[in-house]
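**Student:** Here you go, one structure.
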Amino acid sequence: MSDELPVALVTGAARGIGLAIARLFLQRGHRVALLDNDEATLVKAEAALRHEGFGEPLAMAVPADVSHPQQVDAAVARTLAHFGRIDALVNNAGVAVFKPIGETTFHEWRHVMATNLDGAFLMTQAVVPVMLEEGGGAVVNIASISGLRASTLRVAYGTSKAALIHLTKQQAVEYGNAGIRVNAVAPGPVETAMAAAVHTPAIRADYHDSIPLARYGSEEEIAEAVFFLCSPRASYINGQTLAADGGFDAAGVGLPTLRKT
């Protein structure tokens, strides 16, 4: 029976949003390949899922760096050999450098672009032929609200996510003809371990004032948006970017004092 279950490949799946996405796919009846370049944390994530009842043949850890073409090809080949198919690809792997433009080095710029943009390009190119063997599939690129609106200290990160949003449209136009839908989810501030570590109380207060829902999102809420876009319920949605941000982008700069009235 498990061999008949659909398969999702999730990158950046060792922690945070990626792990939440992988867990939701498993809970909803998929088999999942969890890809990440942090092998130690990935092994722990796989063990945690196994403890929850999602061991082999349902979940498999695939250590790989999405910015390296050879590792991408090997990871996709391993996933195909193990599961026999790939129905959904979630390009979640990402890195960030938060520095002023003048202090961002070219090496840092390229590191962010290589993972956030090149990674999604390479992964999708490698997975599409596999999907075509099954008659189609769905790809979701995890962008960011920083790709829709500029903010300080995010020149590399924000630009990479803006480019990823356009890459999503390019992929949707070309692959849609072959039965592969491609969409993006652009999360706003989310309660992750990284956010807890780097967002000061002042930053958190600013976000709460600027977001109409007045709170951070959860990893599970982002996972729900991703799963929907990969599901048959989104069968006529292609080339779109869904901002899961509590209204942050819609509000623009906003005036919290006026909104409270």
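Residues in the structure tokens are named by chain (A, B, ... in the order shown) and by number from 1 within that chain; ligands are numbered from 1 in the order shown.
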So which bits of stretch 34-232 of chain A end up strand (DSSP E) when you DSSP the backbone, as number ranges by chain?
**Tutor:** A: 34-36, 59-63, 88-91, 137-142, 180-187
**Student:** Output the selection as a PDB file, in the first residue's frame - N, CA and C atoms for each residue.
**Tutor:**
ATOM      1  N   LEU A  34      13.171  14.089   2.927  1.00  0.00           N
ATOM      2  CA  LEU A  34      13.597  15.307   3.610  1.00  0.00           C
ATOM      3  C   LEU A  34      15.037  15.605   3.215  1.00  0.00           C
ATOM      4  N   LEU A  35      15.240  16.711   2.517  1.00  0.00           N
ATOM      5  CA  LEU A  35      16.565  17.069   2.016  1.00  0.00           C
ATOM      6  C   LEU A  35      17.103  18.265   2.789  1.00  0.00           C
ATOM      7  N   ASP A  36      18.357  18.183   3.210  1.00  0.00           N
ATOM      8  CA  ASP A  36      18.985  19.303   3.914  1.00  0.00           C
ATOM      9  C   ASP A  36      20.497  19.121   3.874  1.00  0.00           C
ATOM     10  N   ALA A  59       9.235   8.013   5.415  1.00  0.00           N
ATOM     11  CA  ALA A  59      10.104   9.190   5.454  1.00  0.00           C
ATOM     12  C   ALA A  59      11.552   8.770   5.272  1.00  0.00           C
ATOM     13  N   MET A  60      12.307   9.603   4.543  1.00  0.00           N
ATOM     14  CA  MET A  60      13.711   9.309   4.308  1.00  0.00           C
ATOM     15  C   MET A  60      14.515  10.597   4.308  1.00  0.00           C
ATOM     16  N   ALA A  61      15.635  10.593   5.013  1.00  0.00           N
ATOM     17  CA  ALA A  61      16.535  11.739   5.038  1.00  0.00           C
ATOM     18  C   ALA A  61      17.485  11.669   3.850  1.00  0.00           C
ATOM     19  N   VAL A  62      17.663  12.802   3.183  1.00  0.00           N
ATOM     20  CA  VAL A  62      18.556  12.873   2.011  1.00  0.00           C
ATOM     21  C   VAL A  62      19.506  14.048   2.207  1.00  0.00           C
ATOM     22  N   PRO A  63      20.702  13.817   2.732  1.00  0.00           N
ATOM     23  CA  PRO A  63      21.663  14.919   2.900  1.00  0.00           C
ATOM     24  C   PRO A  63      22.146  15.424   1.546  1.00  0.00           C
ATOM     25  N   ALA A  88       5.300  15.937  -5.617  1.00  0.00           N
ATOM     26  CA  ALA A  88       5.343  17.329  -5.163  1.00  0.00           C
ATOM     27  C   ALA A  88       6.768  17.682  -4.767  1.00  0.00           C
ATOM     28  N   LEU A  89       7.176  18.876  -5.147  1.00  0.00           N
ATOM     29  CA  LEU A  89       8.486  19.405  -4.764  1.00  0.00           C
ATOM     30  C   LEU A  89       8.278  20.723  -4.037  1.00  0.00           C
ATOM     31  N   VAL A  90       8.864  20.842  -2.857  1.00  0.00           N
ATOM     32  CA  VAL A  90       8.795  22.088  -2.098  1.00  0.00           C
ATOM     33  C   VAL A  90      10.216  22.626  -1.948  1.00  0.00           C
ATOM     34  N   ASN A  91      10.501  23.715  -2.644  1.00  0.00           N
ATOM     35  CA  ASN A  91      11.819  24.344  -2.588  1.00  0.00           C
ATOM     36  C   ASN A  91      11.856  25.328  -1.423  1.00  0.00           C
ATOM     37  N   GLY A 137       2.577  17.061 -11.765  1.00  0.00           N
ATOM     38  CA  GLY A 137       2.891  17.242 -10.361  1.00  0.00           C
ATOM     39  C   GLY A 137       2.738  18.691  -9.966  1.00  0.00           C
ATOM     40  N   ALA A 138       3.259  19.031  -8.798  1.00  0.00           N
ATOM     41  CA  ALA A 138       3.154  20.393  -8.283  1.00  0.00           C
ATOM     42  C   ALA A 138       4.464  20.799  -7.624  1.00  0.00           C
ATOM     43  N   VAL A 139       4.859  22.040  -7.857  1.00  0.00           N
ATOM     44  CA  VAL A 139       6.055  22.613  -7.244  1.00  0.00           C
ATOM     45  C   VAL A 139       5.636  23.852  -6.464  1.00  0.00           C
ATOM     46  N   VAL A 140       6.134  23.986  -5.255  1.00  0.00           N
ATOM     47  CA  VAL A 140       5.920  25.208  -4.476  1.00  0.00           C
ATOM     48  C   VAL A 140       7.280  25.749  -4.051  1.00  0.00           C
ATOM     49  N   ASN A 141       7.558  26.984  -4.431  1.00  0.00           N
ATOM     50  CA  ASN A 141       8.773  27.668  -4.026  1.00  0.00           C
ATOM     51  C   ASN A 141       8.473  28.525  -2.795  1.00  0.00           C
ATOM     52  N   ILE A 142       9.281  28.386  -1.763  1.00  0.00           N
ATOM     53  CA  ILE A 142       9.076  29.199  -0.566  1.00  0.00           C
ATOM     54  C   ILE A 142       9.830  30.512  -0.739  1.00  0.00           C
ATOM     55  N   ILE A 180       2.429  20.392 -14.957  1.00  0.00           N
ATOM     56  CA  ILE A 180       3.105  20.649 -13.685  1.00  0.00           C
ATOM     57  C   ILE A 180       2.811  22.077 -13.255  1.00  0.00           C
ATOM     58  N   ARG A 181       2.120  22.214 -12.149  1.00  0.00           N
ATOM     59  CA  ARG A 181       1.797  23.546 -11.626  1.00  0.00           C
ATOM     60  C   ARG A 181       2.936  24.030 -10.720  1.00  0.00           C
ATOM     61  N   VAL A 182       3.248  25.323 -10.816  1.00  0.00           N
ATOM     62  CA  VAL A 182       4.295  25.912  -9.983  1.00  0.00           C
ATOM     63  C   VAL A 182       3.754  27.187  -9.343  1.00  0.00           C
ATOM     64  N   ASN A 183       3.799  27.233  -8.028  1.00  0.00           N
ATOM     65  CA  ASN A 183       3.356  28.406  -7.275  1.00  0.00           C
ATOM     66  C   ASN A 183       4.363  28.723  -6.178  1.00  0.00           C
ATOM     67  N   ALA A 184       4.155  29.845  -5.524  1.00  0.00           N
ATOM     68  CA  ALA A 184       5.046  30.242  -4.429  1.00  0.00           C
ATOM     69  C   ALA A 184       4.225  30.630  -3.207  1.00  0.00           C
ATOM     70  N   VAL A 185       4.814  30.424  -2.056  1.00  0.00           N
ATOM     71  CA  VAL A 185       4.262  30.927  -0.803  1.00  0.00           C
ATOM     72  C   VAL A 185       5.270  31.925  -0.244  1.00  0.00           C
ATOM     73  N   ALA A 186       4.784  33.107   0.128  1.00  0.00           N
ATOM     74  CA  ALA A 186       5.653  34.145   0.674  1.00  0.00           C
ATOM     75  C   ALA A 186       5.290  34.382   2.135  1.00  0.00           C
ATOM     76  N   PRO A 187       5.969  33.702   3.047  1.00  0.00           N
ATOM     77  CA  PRO A 187       5.649  33.891   4.470  1.00  0.00           C
ATOM     78  C   PRO A 187       6.053  35.267   4.962  1.00  0.00           C
TER      79      PRO A 187
END
**Student:** For stretch 109-124 of chain A, work out the shell of residues within 6 Å, counting only C-alpha atoms and skipping chain neighbours fewer than 6 positions away, then give it as an mmCIF file with C-alpha atoms, in the first residue's frame.
**Tutor:**
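After the write, selection_17.cif holds the following:
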data_model
loop_
_atom_site.group_PDB
_atom_site.id
_atom_site.type_symbol
_atom_site.label_atom_id
_atom_site.label_comp_id
_atom_site.auth_asym_id
_atom_site.auth_seq_id
_atom_site.Cartn_x
_atom_site.Cartn_y
_atom_site.Cartn_z
ATOM 1 C CA VAL A 66 20.805 22.361 -3.279
ATOM 2 C CA SER A 67 23.371 24.818 -4.625
ATOM 3 C CA ASN A 91 11.819 24.344 -2.588
ATOM 4 C CA GLY A 94 17.196 29.076 2.159
ATOM 5 C CA VAL A 95 19.846 31.172 3.866
ATOM 6 C CA ALA A 156 20.746 39.738 -0.775
ATOM 7 C CA SER A 160 16.883 36.442 -4.044
ATOM 8 C CA LEU A 164 12.417 33.401 -6.917
#
**Student:** Quick one: residues within 8 Å of A:Thr79, only C-alpha atoms, excluding same-chain residues fewer than 5 positions away - as JSON, numbers by chain?
**Tutor:** {"A": [9, 33, 62, 84, 85, 86]}
**Student:** For A:Lys99, find every residue with an atom within 9 Å (counting only C-alpha atoms), except residues of its own chain fewer than 3 positions away, and show them as a VMD selection string.
**Tutor:** chain A and resid 102 to 104 152 to 156
**Student:** Rank nothing, just name the residue among A:Thr241, A:Asn92, A:Ser218, A:Thr105 nearest to A:Lys169, using only C-alpha atoms.
**Tutor:**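 Closest residue, counting only C-alpha atoms: A:Thr241.
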**Student:** I need the residue nearest A:Arg50 from this list: A:Ala214, A:Val72, A:Ala243, A:Leu26. Use only C-alpha atoms for the distance.
**Tutor:**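 Selected residue with least distance to A:Arg50: A:Leu26.
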**Student:** Looking only at helix (DSSP H, G or I) from DSSP on the backbone, list the matching residues of stretch 54-222 of chain A as a VMD selection string.
**Tutor:** chain A and resid 69 to 83 101 to 103 106 to 133 145 to 147 155 to 176 193 to 198 201 to 210 219 to 222
**Student:** Could you list, as a list in words, every residue within 12 Å of stretch 53-57 of chain A, counting only C-alpha atoms and ignoring same-chain residues fewer than 6 positions away?
**Tutor:**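 Surrounding residues, per the criterion: Met1, Ser2, Asp3, Glu4, Leu5, Val7, Ala22, Arg23, Leu24, Phe25, Leu26, Gln27, Arg28, Gly29, His30, Arg31, Val32, Ala33, Leu34, Val43, Ala45, Glu46, Ala47, Thr79, His82, Phe83 and Gly84 of chain A.
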**Student:** Could you tell me which of A:Pro69, A:Gly247, A:Gly12, A:Gly176 comes closest to A:Asp38 if we count only C-alpha atoms?
**Tutor:**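 Distance minimum relative to A:Asp38 lands on A:Gly12.
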**Student:** For A:Gly252, list every protein, DNA or RNA residue within 12 Å, evaluated using only C-alpha atoms, and leave out those in the same chain fewer than 4 positions away; present the list as a list in words.
**Tutor:**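 Surrounding residues, per the criterion: Ile145, Leu148, Arg149, Ala150, Ser151, Asp209, Ser210, Ile211, Pro212, Asp245, Gly247, Phe248 and Pro256 of chain A.
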**Student:** Let me see the file: selected residues, N, CA and C atoms, as a PDB file, in the first residue's frame.
**Tutor:**
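Just written: part_35.pdb:
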ATOM      1  N   ILE A 145       7.955  37.449   2.238  1.00  0.00           N
ATOM      2  CA  ILE A 145       7.379  38.781   2.120  1.00  0.00           C
ATOM      3  C   ILE A 145       8.476  39.783   1.741  1.00  0.00           C
ATOM      4  N   LEU A 148       8.477  40.678  -1.793  1.00  0.00           N
ATOM      5  CA  LEU A 148       7.370  41.513  -2.258  1.00  0.00           C
ATOM      6  C   LEU A 148       7.509  42.966  -1.824  1.00  0.00           C
ATOM      7  N   ARG A 149       8.174  43.182  -0.710  1.00  0.00           N
ATOM      8  CA  ARG A 149       8.380  44.548  -0.218  1.00  0.00           C
ATOM      9  C   ARG A 149       9.787  44.654   0.342  1.00  0.00           C
ATOM     10  N   ALA A 150      10.465  45.733   0.021  1.00  0.00           N
ATOM     11  CA  ALA A 150      11.846  45.903   0.465  1.00  0.00           C
ATOM     12  C   ALA A 150      11.897  46.309   1.933  1.00  0.00           C
ATOM     13  N   SER A 151      12.973  45.920   2.582  1.00  0.00           N
ATOM     14  CA  SER A 151      13.214  46.360   3.958  1.00  0.00           C
ATOM     15  C   SER A 151      14.709  46.396   4.197  1.00  0.00           C
ATOM     16  N   ASP A 209       2.709  45.640  15.520  1.00  0.00           N
ATOM     17  CA  ASP A 209       2.034  46.894  15.172  1.00  0.00           C
ATOM     18  C   ASP A 209       1.767  47.008  13.674  1.00  0.00           C
ATOM     19  N   SER A 210       2.607  46.369  12.853  1.00  0.00           N
ATOM     20  CA  SER A 210       2.526  46.524  11.402  1.00  0.00           C
ATOM     21  C   SER A 210       1.683  45.466  10.715  1.00  0.00           C
ATOM     22  N   ILE A 211       1.405  44.374  11.395  1.00  0.00           N
ATOM     23  CA  ILE A 211       0.649  43.272  10.812  1.00  0.00           C
ATOM     24  C   ILE A 211      -0.808  43.367  11.268  1.00  0.00           C
ATOM     25  N   PRO A 212      -1.751  43.466  10.354  1.00  0.00           N
ATOM     26  CA  PRO A 212      -3.156  43.600  10.749  1.00  0.00           C
ATOM     27  C   PRO A 212      -3.643  42.505  11.705  1.00  0.00           C
ATOM     28  N   ASP A 245       0.964  36.082   5.418  1.00  0.00           N
ATOM     29  CA  ASP A 245       1.675  37.109   6.186  1.00  0.00           C
ATOM     30  C   ASP A 245       0.794  37.905   7.138  1.00  0.00           C
ATOM     31  N   GLY A 247      -1.536  39.822   6.528  1.00  0.00           N
ATOM     32  CA  GLY A 247      -1.909  41.129   5.983  1.00  0.00           C
ATOM     33  C   GLY A 247      -0.779  42.135   5.967  1.00  0.00           C
ATOM     34  N   PHE A 248       0.442  41.679   6.267  1.00  0.00           N
ATOM     35  CA  PHE A 248       1.599  42.578   6.351  1.00  0.00           C
ATOM     36  C   PHE A 248       1.832  43.319   5.042  1.00  0.00           C
ATOM     37  N   PRO A 256      -0.110  52.198  12.548  1.00  0.00           N
ATOM     38  CA  PRO A 256      -0.734  51.394  13.584  1.00  0.00           C
ATOM     39  C   PRO A 256      -1.703  52.168  14.477  1.00  0.00           C
TER      40      PRO A 256
END
**Student:** Measuring atom to atom with only C-alpha atoms, identify which of A:Gly188, A:Gly217, A:Gly179, A:Gly239 is nearest to A:Met131.
**Tutor:** A:Gly179
**Student:** Please compute the atom CA of A:Val76-atom CA of A:Val130 distance, one decimal, in Å.
**Tutor:** 8.7 Å
